$ cat my_file_19.tsv   # TSV, C-alpha atoms
chain	number	residue	atom	x	y	z
E	1	MET	CA	9.94	-6.42	41.32
E	2	GLU	CA	10.53	-2.96	39.95
E	3	ALA	CA	12.33	-4.37	36.91
E	4	GLU	CA	9.50	-6.76	36.13
E	5	ASN	CA	7.09	-3.88	35.60
E	6	SER	CA	9.54	-1.42	34.10
E	7	VAL	CA	8.24	-1.55	30.53
E	8	MET	CA	5.25	0.66	29.88
E	9	LYS	CA	4.02	-0.35	26.46
E	10	GLN	CA	3.31	2.62	24.24
E	11	PRO	CA	1.26	2.88	21.07
E	12	ILE	CA	3.06	3.08	17.74
E	13	ALA	CA	1.18	6.19	16.64
E	14	SER	CA	2.93	9.35	17.75
E	15	SER	CA	0.24	11.88	16.81
E	16	GLN	CA	-3.00	12.41	18.65
E	17	VAL	CA	-6.02	14.64	18.03
E	18	LEU	CA	-6.82	16.66	21.14
E	19	GLY	CA	-9.79	18.50	19.75
E	20	PRO	CA	-11.19	20.20	16.67
E	21	SER	CA	-8.62	23.00	16.85
E	22	CYS	CA	-5.53	21.38	18.32
E	23	ILE	CA	-3.23	18.59	17.18
E	24	LYS	CA	-0.77	17.00	19.59
E	25	LEU	CA	2.49	15.69	18.11
E	26	ASN	CA	4.97	13.89	20.37
E	27	GLY	CA	3.67	15.71	23.41
E	28	ILE	CA	3.56	19.18	21.83
E	29	GLY	CA	0.27	20.96	21.12
E	30	PHE	CA	-0.13	23.10	17.98
E	31	PHE	CA	-3.07	25.31	17.09
E	32	PRO	CA	-3.60	25.58	13.33
E	33	SER	CA	-4.51	29.23	13.62
E	34	LEU	CA	-1.00	29.97	14.94
E	35	VAL	CA	1.05	27.59	12.76
E	36	SER	CA	1.22	27.47	8.98
E	37	PRO	CA	-0.24	24.38	7.25
E	38	SER	CA	3.16	23.53	5.78
E	39	LEU	CA	4.69	23.40	9.26
E	40	ILE	CA	1.91	21.13	10.49
E	41	LEU	CA	2.52	18.81	7.52
E	42	THR	CA	6.22	18.79	8.34
E	43	PHE	CA	5.56	17.69	11.90
E	44	LEU	CA	3.01	15.12	10.72
E	45	PHE	CA	5.56	13.70	8.30
E	46	LEU	CA	8.17	13.50	11.03
E	47	GLY	CA	5.65	11.80	13.27
E	48	VAL	CA	5.15	8.89	10.86
E	49	ALA	CA	8.57	8.69	9.20
E	50	PHE	CA	10.38	5.40	9.81
E	51	LEU	CA	13.97	4.37	9.60
E	52	LYS	CA	14.27	1.71	6.91
E	53	SER	CA	15.91	-1.55	7.84
E	54	GLU	CA	16.35	-4.59	5.59
E	55	ALA	CA	17.50	-8.13	6.25
E	56	TYR	CA	17.68	-11.49	4.54
E	57	PHE	CA	15.70	-14.50	5.71
E	58	ASN	CA	17.38	-16.38	8.59
E	59	GLU	CA	20.06	-13.68	8.92
E	60	THR	CA	20.42	-10.80	11.39
E	61	ALA	CA	18.30	-7.65	11.20
E	62	GLU	CA	19.29	-4.35	12.82
E	63	LEU	CA	16.77	-2.09	14.54
E	64	PRO	CA	18.48	1.27	15.19
E	65	CYS	CA	17.49	3.65	17.98
E	66	GLN	CA	19.60	6.68	16.96
E	67	PHE	CA	19.85	8.02	20.49
E	68	SER	CA	22.37	10.86	20.78
E	69	ASN	CA	22.52	10.81	24.62
E	70	SER	CA	23.22	14.54	24.67
E	71	GLN	CA	22.96	14.53	28.49
E	72	ASN	CA	25.67	11.88	28.70
E	73	LEU	CA	23.53	9.68	30.93
E	74	SER	CA	24.83	6.40	32.25
E	75	LEU	CA	23.17	3.12	31.31
E	76	ASN	CA	22.57	2.67	35.03
E	77	GLU	CA	20.04	5.51	34.76
E	78	LEU	CA	18.21	4.33	31.67
E	79	VAL	CA	15.42	1.94	30.79
E	80	ILE	CA	15.69	0.90	27.12
E	81	PHE	CA	13.35	-1.41	25.27
E	82	TRP	CA	12.05	-2.32	21.82
E	83	GLN	CA	8.50	-3.33	21.00
E	84	ASP	CA	6.78	-4.42	17.79
E	85	GLN	CA	3.63	-3.04	16.22
E	86	LYS	CA	1.52	-5.32	18.42
E	87	LYS	CA	3.34	-3.95	21.49
E	88	PHE	CA	5.13	-7.25	22.19
E	89	VAL	CA	8.51	-6.57	23.78
E	90	LEU	CA	11.60	-7.81	21.93
E	91	TYR	CA	14.23	-6.72	24.42
E	92	GLU	CA	14.64	-4.67	27.61
E	93	PHE	CA	17.79	-3.19	29.13
E	94	TYR	CA	16.87	-2.08	32.64
E	95	LEU	CA	19.44	0.00	34.49
E	96	ALA	CA	22.39	-1.60	32.64
E	97	LYS	CA	21.02	-5.15	32.98
E	98	GLU	CA	19.01	-7.32	30.63
E	99	ASN	CA	15.49	-7.98	31.83
E	100	LEU	CA	13.81	-10.97	30.16
E	101	ASN	CA	10.64	-10.90	32.26
E	102	ASN	CA	8.73	-8.75	29.78
E	103	VAL	CA	10.13	-10.28	26.56
E	104	ASP	CA	7.62	-12.08	24.36
E	105	PRO	CA	8.46	-15.80	23.90
E	106	LYS	CA	8.84	-15.52	20.09
E	107	TYR	CA	11.73	-13.06	20.60
E	108	MET	CA	13.39	-14.88	23.48
E	109	HIS	CA	17.12	-15.54	22.86
E	110	ARG	CA	16.92	-13.95	19.41
E	111	THR	CA	18.18	-10.47	20.25
E	112	SER	CA	21.40	-8.71	21.27
E	113	PHE	CA	21.98	-5.07	22.17
E	114	ASP	CA	24.92	-3.16	20.71
E	115	GLN	CA	25.59	-0.47	23.31
E	116	SER	CA	28.12	1.34	21.12
E	117	ASN	CA	25.52	2.49	18.58
E	118	TRP	CA	22.21	1.91	20.39
E	119	THR	CA	21.10	-0.79	17.97
E	120	LEU	CA	19.16	-3.97	18.61
E	121	ARG	CA	20.05	-7.00	16.51
E	122	LEU	CA	17.27	-9.45	15.75
E	123	HIS	CA	18.77	-12.81	14.83
E	124	ARG	CA	17.31	-15.46	12.51
E	125	ALA	CA	14.96	-12.96	10.90
E	126	GLN	CA	11.75	-14.51	9.56
E	127	ILE	CA	9.25	-13.20	7.04
E	128	LYS	CA	6.80	-12.86	9.93
E	129	ASP	CA	9.19	-10.36	11.55
E	130	LYS	CA	8.62	-7.69	8.91
E	131	GLY	CA	6.84	-4.61	10.20
E	132	ILE	CA	7.27	-1.55	12.40
E	133	TYR	CA	9.29	-1.48	15.61
E	134	GLN	CA	9.80	1.14	18.31
E	135	CYS	CA	12.84	1.87	20.41
E	136	ILE	CA	11.84	3.66	23.61
E	137	ILE	CA	14.21	5.13	26.21
E	138	HIS	CA	13.24	6.39	29.68
E	139	HIS	CA	15.34	8.17	32.28
E	140	LYS	CA	14.77	6.70	35.73
E	141	ARG	CA	14.69	9.45	38.32
E	142	PRO	CA	13.75	9.34	42.02
E	143	THR	CA	10.35	10.72	41.03
E	144	GLY	CA	9.78	8.05	38.37
E	145	LEU	CA	10.39	7.36	34.69
E	146	VAL	CA	10.76	10.27	32.28
E	147	SER	CA	10.47	9.68	28.53
E	148	LEU	CA	13.68	10.68	26.73
E	149	HIS	CA	13.59	9.22	23.24
E	150	GLN	CA	11.48	7.25	20.79
E	151	LYS	CA	12.44	6.06	17.31
E	152	ASP	CA	10.39	4.00	14.87
E	153	SER	CA	11.92	1.69	12.29
E	154	GLU	CA	10.35	-0.40	9.54
E	155	LEU	CA	11.87	-3.82	8.87
E	156	SER	CA	11.65	-5.54	5.49
E	157	VAL	CA	12.75	-9.17	5.10
E	158	PHE	CA	13.86	-10.71	1.80
E	159	ALA	CA	14.71	-14.23	0.68
E	160	ASN	CA	16.58	-15.09	-2.50
E	161	PHE	CA	14.86	-17.56	-4.81
E	162	THR	CA	16.73	-20.70	-5.76
E	163	GLU	CA	18.32	-20.96	-9.19
E	164	PRO	CA	15.56	-21.62	-11.76
E	165	GLU	CA	15.59	-25.16	-13.15
E	166	ILE	CA	14.37	-26.21	-16.60
E	167	VAL	CA	12.82	-29.65	-17.10
E	168	GLN	CA	11.66	-31.09	-20.43
E	169	MET	CA	8.09	-32.30	-20.03
E	170	SER	CA	7.79	-34.36	-23.24
E	171	ASN	CA	9.77	-35.33	-26.31
E	172	GLU	CA	9.87	-32.86	-29.14
E	173	THR	CA	8.07	-33.78	-32.31
E	174	GLY	CA	10.43	-33.41	-35.23
E	175	ASN	CA	11.68	-29.83	-35.31
E	176	SER	CA	8.37	-28.19	-34.35
E	177	GLY	CA	9.06	-27.43	-30.69
E	178	ILE	CA	9.40	-28.62	-27.15
E	179	ASN	CA	7.38	-28.52	-23.90
E	180	LEU	CA	9.32	-27.10	-20.96
E	181	THR	CA	8.67	-26.25	-17.35
E	182	CYS	CA	10.75	-24.03	-15.07
E	183	SER	CA	10.59	-23.80	-11.28
E	184	SER	CA	12.21	-21.90	-8.42
E	185	GLY	CA	11.43	-21.58	-4.73
E	186	GLN	CA	12.16	-20.35	-1.22
E	187	GLY	CA	11.90	-16.67	-2.15
E	188	TYR	CA	10.26	-13.51	-0.83
E	189	PRO	CA	8.53	-11.29	-1.86
E	190	LYS	CA	6.55	-12.62	-4.83
E	191	ALA	CA	8.38	-13.01	-8.11
E	192	VAL	CA	7.79	-10.23	-10.63
E	193	ARG	CA	8.10	-12.27	-13.84
E	194	MET	CA	9.27	-15.66	-15.12
E	195	TYR	CA	9.86	-16.55	-18.78
E	196	PHE	CA	11.94	-18.58	-21.24
E	197	LEU	CA	14.70	-16.82	-23.16
E	198	LEU	CA	15.93	-18.37	-26.42
E	199	LYS	CA	19.35	-17.38	-27.71
E	200	LEU	CA	20.05	-18.33	-31.32
E	201	GLU	CA	23.45	-18.72	-32.93
E	202	ASN	CA	22.91	-15.49	-34.92
E	203	SER	CA	22.63	-13.53	-31.61
E	204	THR	CA	18.84	-13.25	-31.93
E	205	GLU	CA	16.91	-13.48	-28.64
E	206	LEU	CA	13.28	-14.60	-28.29
E	207	GLU	CA	11.10	-14.55	-25.14
E	208	TYR	CA	8.29	-16.98	-24.34
E	209	ASP	CA	5.99	-16.43	-21.36
E	210	GLY	CA	3.86	-18.98	-19.60
E	211	ALA	CA	1.16	-18.83	-16.93
E	212	MET	CA	3.11	-18.23	-13.71
E	213	GLN	CA	1.95	-20.46	-10.84
E	214	THR	CA	2.72	-19.23	-7.31
E	215	SER	CA	2.32	-20.98	-3.97
E	216	GLN	CA	3.25	-19.89	-0.45
E	217	ASP	CA	4.44	-21.96	2.49
E	218	ASN	CA	2.09	-21.48	5.43
E	219	ASP	CA	4.89	-21.70	7.97
E	220	THR	CA	7.82	-19.79	6.46
E	221	GLU	CA	5.67	-17.59	4.15
E	222	LEU	CA	8.25	-18.17	1.39
E	223	TYR	CA	7.07	-18.41	-2.22
E	224	ASN	CA	7.53	-21.12	-4.86
E	225	VAL	CA	6.98	-20.25	-8.50
E	226	SER	CA	6.83	-22.17	-11.79
E	227	ILE	CA	5.83	-21.79	-15.45
E	228	SER	CA	5.13	-24.23	-18.26
E	229	SER	CA	5.31	-23.31	-21.92
E	230	TYR	CA	5.47	-24.79	-25.39
E	231	VAL	CA	8.58	-23.38	-27.09
E	232	PRO	CA	8.29	-23.61	-30.89
E	233	PHE	CA	11.23	-24.10	-33.23
E	234	SER	CA	10.74	-22.65	-36.67
E	235	GLU	CA	12.58	-23.84	-39.76
E	236	GLY	CA	16.19	-22.82	-39.87
E	237	MET	CA	16.51	-22.56	-36.06
E	238	SER	CA	19.55	-24.52	-34.98
E	239	ASN	CA	21.91	-24.55	-32.01
E	240	VAL	CA	19.32	-22.94	-29.74
E	241	THR	CA	20.23	-22.23	-26.10
E	242	ILE	CA	17.31	-21.82	-23.72
E	243	PHE	CA	17.38	-20.03	-20.35
E	244	CYS	CA	14.69	-19.60	-17.72
E	245	VAL	CA	14.71	-16.03	-16.38
E	246	LEU	CA	13.25	-15.08	-12.99
E	247	LYS	CA	12.82	-11.42	-12.00
E	248	THR	CA	12.33	-10.54	-8.33
E	249	LYS	CA	12.50	-7.58	-5.95
E	250	SER	CA	15.55	-7.43	-3.70
E	251	VAL	CA	16.94	-5.12	-1.01
E	252	LYS	CA	16.71	-1.36	-1.57
E	253	SER	CA	13.90	-2.04	-4.08
E	254	ARG	CA	16.36	-3.32	-6.66
E	255	GLU	CA	15.14	-5.71	-9.34
E	256	ARG	CA	17.11	-8.94	-9.33
E	257	GLU	CA	17.41	-11.30	-12.30
E	258	LEU	CA	18.17	-15.00	-11.94
E	259	LEU	CA	19.13	-17.26	-14.84
E	260	SER	CA	18.87	-21.03	-15.04
E	261	LYS	CA	21.65	-23.20	-16.35
E	262	PRO	CA	21.55	-23.27	-20.17
E	263	PHE	CA	19.29	-25.86	-21.75
E	264	CYS	CA	20.83	-26.63	-25.14
E	265	ARG	CA	19.02	-27.92	-28.19
E	266	ASP	CA	21.16	-28.63	-31.25
E	267	SER	CA	18.82	-29.46	-34.13
E	268	SER	CA	21.64	-31.10	-36.06
E	269	LEU	CA	21.54	-33.94	-33.57
E	270	VAL	CA	17.80	-34.51	-33.85
E	271	ALA	CA	17.33	-37.42	-36.24
E	272	LYS	CA	15.08	-40.39	-36.77
E	273	PHE	CA	16.46	-43.87	-36.24
E	274	THR	CA	14.94	-47.24	-37.04
E	275	LEU	CA	15.65	-49.82	-34.36
E	276	SER	CA	15.42	-53.45	-35.44
E	277	PHE	CA	15.01	-56.25	-32.91
E	278	GLN	CA	15.39	-59.91	-33.72
E	279	ILE	CA	14.24	-62.14	-30.91
E	280	GLN	CA	14.57	-65.94	-30.88
E	281	ILE	CA	12.89	-67.99	-28.20
E	282	SER	CA	13.49	-71.70	-27.62
E	283	THR	CA	11.43	-73.66	-25.11
E	284	ILE	CA	13.02	-76.29	-22.92
E	285	PRO	CA	11.62	-79.87	-23.35
E	286	ALA	CA	9.28	-80.92	-20.56
E	287	LEU	CA	10.70	-83.59	-18.24
E	288	GLY	CA	8.81	-86.45	-16.66
E	289	LYS	CA	9.74	-88.84	-13.85
E	290	GLY	CA	13.42	-89.75	-13.76
E	291	ARG	CA	14.05	-86.57	-15.76
E	292	GLN	CA	13.08	-88.32	-18.98
E	293	PRO	CA	11.72	-85.96	-21.65
E	294	ILE	CA	8.04	-86.26	-22.38
E	295	GLN	CA	8.64	-84.45	-25.68
E	296	ALA	CA	11.63	-85.27	-27.78
E	297	PHE	CA	12.25	-81.68	-28.79
E	298	GLY	CA	11.51	-78.20	-27.56
E	299	GLN	CA	9.86	-75.58	-29.73
E	300	SER	CA	11.39	-72.39	-31.08
E	301	PHE	CA	10.31	-69.31	-33.02
E	302	SER	CA	11.76	-65.94	-33.97
E	303	ALA	CA	10.32	-62.50	-34.72
E	304	ASP	CA	11.63	-59.28	-36.21
E	305	CYS	CA	10.51	-55.97	-34.67
E	306	HIS	CA	11.05	-52.50	-36.12
E	307	PHE	CA	10.16	-49.04	-34.78
E	308	GLU	CA	11.29	-45.47	-35.28
E	309	VAL	CA	12.49	-43.03	-32.67
E	310	ALA	CA	13.28	-39.31	-32.88
E	311	SER	CA	16.08	-38.36	-30.54
E	312	SER	CA	18.66	-35.66	-29.90
E	313	GLU	CA	21.15	-38.31	-28.82
E	314	SER	CA	24.11	-38.70	-31.13
E	315	ALA	CA	24.29	-41.41	-33.77
E	316	ALA	CA	27.19	-42.93	-31.84
E	317	PHE	CA	24.93	-43.46	-28.85
E	318	TRP	CA	22.40	-45.41	-30.85
E	319	SER	CA	25.08	-47.30	-32.76
E	320	SER	CA	26.38	-48.59	-29.44
E	321	LEU	CA	23.06	-50.36	-28.98
E	322	ALA	CA	23.66	-52.38	-32.13
E	323	GLU	CA	25.90	-54.70	-30.15
E	324	PRO	CA	24.12	-57.73	-28.71
E	325	ARG	CA	23.30	-56.75	-25.16
E	326	LEU	CA	19.95	-58.32	-24.24
E	327	GLY	CA	20.58	-61.40	-22.11
E	328	PHE	CA	17.75	-63.45	-20.68
E	329	SER	CA	17.22	-66.90	-19.19
E	330	SER	CA	18.63	-69.98	-20.85
E	331	GLY	CA	17.22	-70.51	-24.28
E	332	PHE	CA	16.22	-66.82	-24.76
E	333	ARG	CA	18.49	-64.44	-26.64
E	334	GLY	CA	17.89	-61.09	-28.22
E	335	SER	CA	19.88	-58.53	-30.20
E	336	ILE	CA	19.42	-55.04	-31.56
E	337	GLY	CA	20.30	-53.87	-35.02
E	338	LEU	CA	20.32	-50.22	-36.11
E	339	SER	CA	19.55	-48.54	-39.39
E	340	SER	CA	19.02	-44.85	-40.02
$ encode --input "my_file_19.tsv" --output "structure tokens"
Amino acid sequence: MEAENSVMKQPIASSQVLGPSCIKLNGIGFFPSLVSPSLILTFLFLGVAFLKSEAYFNETAELPCQFSNSQNLSLNELVIFWQDQKKFVLYEFYLAKENLNNVDPKYMHRTSFDQSNWTLRLHRAQIKDKGIYQCIIHHKRPTGLVSLHQKDSELSVFANFTEPEIVQMSNETGNSGINLTCSSGQGYPKAVRMYFLLKLENSTELEYDGAMQTSQDNDTELYNVSISSYVPFSEGMSNVTIFCVLKTKSVKSRERELLSKPFCRDSSLVAKFTLSFQIQISTIPALGKGRQPIQAFGQSFSADCHFEVASSESAAFWSSLAEPRLGFSSGFRGSIGLSS
């Protein structure tokens, strides 16, 4: 029963105002008239400073305690626990034994304690896990629990966006340009920027922005991002390679840049073709009783169809369509001819 009530939840804040002339920091009272303002600021800074911890989504986060154990106390004498900023308990180690009675259900079976360096590991880190955590250590004496150590840490959780993907939204019109969209997802925090990068054969680079659309999953809190843009091609632009570039924030506040696979546009392959169809249809004579024809002959007619298409497919591709390849029901044949 003693273990069940061992955790005494403590507030995250470590400073407390005792009165108009006294400030209490971690159990120590200071009177401003006796201590310089710079010293007070130093203690205030120490009171709110956090250890920084970072982890990737669905991986393991580490919450250090940094306990020196200068008295060389045995684990059998200590009560160790971690709590989040809402005072929900993640883990408790009571007199050298795990105590799950006080652990909040959302942390159950997600933690492990490394006794060698006084660190708690939080497994399968989620975006919702980001925030401030406290490690608290008490010494259990015959007279009761005595507070020995408290350390705050701030956890940040990141998720890498997927590789950006370019999709052509509509056919290009001559050599004037092309409509493209780019998308990426499953990332955190929000993307910084997304744009199209054109690399020309003369080593020139051009950037085209679009309105960045962002959505967030209600469950995982991960972000999806996309842009759409019309990318113009001026005269003389040939052999253009297009990339979609996504800039995000990563661990240790680094800026990370993701590139899509290259989307190639070779203007020398963009040409207009005239496709010619010749279709001949013959009707089958109608049959009466005893399978005798009511009409002596069927009817037939033919028609020629022509239309133009602009395509970046090679001429060989379209030439392959010139072979007769449209087969229909008996009496119906079609073929394609090609001219350019």
$ atom_distance --input "my_file_19.tsv" --atom1 "atom CA of E:Phe161" --atom2 "atom CA of E:Leu258"
8.3 Å
$ closest_residue --input "my_file_19.tsv" --among "E:Ser203, E:Ser229, E:Thr143, E:Ser215" --to "E:Val167" --atoms "all atoms listed in the file"
E:Ser229
$ atom_distance --input "my_file_19.tsv" --atom1 "atom CA of E:His149" --atom2 "atom CA of E:Glu62"
18.0 Å
$ closest_residue --input "my_file_19.tsv" --among "E:Gln216, E:Asn99, E:Asn69, E:Ser153" --to "E:Ser116" --atoms "all atoms listed in the file"
E:Asn69
$ closest_residue --input "my_file_19.tsv" --among "E:Ala159, E:Cys244, E:Cys264, E:Leu200" --to "E:Asn224" --atoms "all atoms listed in the file"
E:Ala159
$ atom_distance --input "my_file_19.tsv" --atom1 "atom CA of E:Gly187" --atom2 "atom CA of E:Thr162"
7.3 Å
$ closest_residue --input "my_file_19.tsv" --among "E:Leu100, E:Leu198, E:Met108, E:Leu95" --to "E:Arg141" --atoms "all atoms listed in the file"
E:Leu95
$ residues_near_point --input "my_file_19.tsv" --point "(9.1, -15.5, -5.1)" --cutoff "9 Å" --atoms "all atoms listed in the file" --output "VMD selection string"
chain E and resid 159 to 161 184 to 192 214 to 216 222 to 225 246 to 249
$ residues_around --input "my_file_19.tsv" --residues "E:Tyr133" --least-positions-apart "6" --cutoff "12 Å" --atoms "only C-alpha atoms" --output "PDB file with C-alpha atoms, in the coordinates of the input"
ATOM      1  CA  GLN E  10       3.310   2.620  24.240  1.00  0.00           C
ATOM      2  CA  PRO E  11       1.260   2.880  21.070  1.00  0.00           C
ATOM      3  CA  ILE E  12       3.060   3.080  17.740  1.00  0.00           C
ATOM      4  CA  ALA E  13       1.180   6.190  16.640  1.00  0.00           C
ATOM      5  CA  PHE E  50      10.380   5.400   9.810  1.00  0.00           C
ATOM      6  CA  LEU E  51      13.970   4.370   9.600  1.00  0.00           C
ATOM      7  CA  LYS E  52      14.270   1.710   6.910  1.00  0.00           C
ATOM      8  CA  SER E  53      15.910  -1.550   7.840  1.00  0.00           C
ATOM      9  CA  ALA E  61      18.300  -7.650  11.200  1.00  0.00           C
ATOM     10  CA  GLU E  62      19.290  -4.350  12.820  1.00  0.00           C
ATOM     11  CA  LEU E  63      16.770  -2.090  14.540  1.00  0.00           C
ATOM     12  CA  PRO E  64      18.480   1.270  15.190  1.00  0.00           C
ATOM     13  CA  CYS E  65      17.490   3.650  17.980  1.00  0.00           C
ATOM     14  CA  PHE E  81      13.350  -1.410  25.270  1.00  0.00           C
ATOM     15  CA  TRP E  82      12.050  -2.320  21.820  1.00  0.00           C
ATOM     16  CA  GLN E  83       8.500  -3.330  21.000  1.00  0.00           C
ATOM     17  CA  ASP E  84       6.780  -4.420  17.790  1.00  0.00           C
ATOM     18  CA  GLN E  85       3.630  -3.040  16.220  1.00  0.00           C
ATOM     19  CA  LYS E  86       1.520  -5.320  18.420  1.00  0.00           C
ATOM     20  CA  LYS E  87       3.340  -3.950  21.490  1.00  0.00           C
ATOM     21  CA  PHE E  88       5.130  -7.250  22.190  1.00  0.00           C
ATOM     22  CA  VAL E  89       8.510  -6.570  23.780  1.00  0.00           C
ATOM     23  CA  LEU E  90      11.600  -7.810  21.930  1.00  0.00           C
ATOM     24  CA  TYR E  91      14.230  -6.720  24.420  1.00  0.00           C
ATOM     25  CA  LEU E 120      19.160  -3.970  18.610  1.00  0.00           C
ATOM     26  CA  LEU E 122      17.270  -9.450  15.750  1.00  0.00           C
ATOM     27  CA  GLN E 150      11.480   7.250  20.790  1.00  0.00           C
ATOM     28  CA  LYS E 151      12.440   6.060  17.310  1.00  0.00           C
ATOM     29  CA  ASP E 152      10.390   4.000  14.870  1.00  0.00           C
ATOM     30  CA  SER E 153      11.920   1.690  12.290  1.00  0.00           C
ATOM     31  CA  GLU E 154      10.350  -0.400   9.540  1.00  0.00           C
ATOM     32  CA  LEU E 155      11.870  -3.820   8.870  1.00  0.00           C
ATOM     33  CA  SER E 156      11.650  -5.540   5.490  1.00  0.00           C
TER      34      SER E 156
END
$ residues_near_point --input "my_file_19.tsv" --point "(19.9, -22.3, -21.6)" --cutoff "10 Å" --atoms "all atoms listed in the file" --output "list in words"
Glu165, Ile166, Phe196, Leu197, Leu198, Lys199, Val240, Thr241, Ile242, Phe243, Cys244, Val245, Leu259, Ser260, Lys261, Pro262, Phe263, Cys264 and Arg265 of chain E
$ axis_aligned_box --input "my_file_19.tsv" --around "stretch 194-210 of chain E" --padding-each-side "6 Å" --output "AutoDock Vina command-line options"
--center_x 13.7 --center_y -16.1 --center_z -25.0 --size_x 31.6 --size_y 17.7 --size_z 31.8
$ closest_residue --input "my_file_19.tsv" --among "E:Glu257, E:Leu206, E:Lys97, E:Thr60" --to "E:Pro164" --atoms "only C-alpha atoms"
E:Glu257
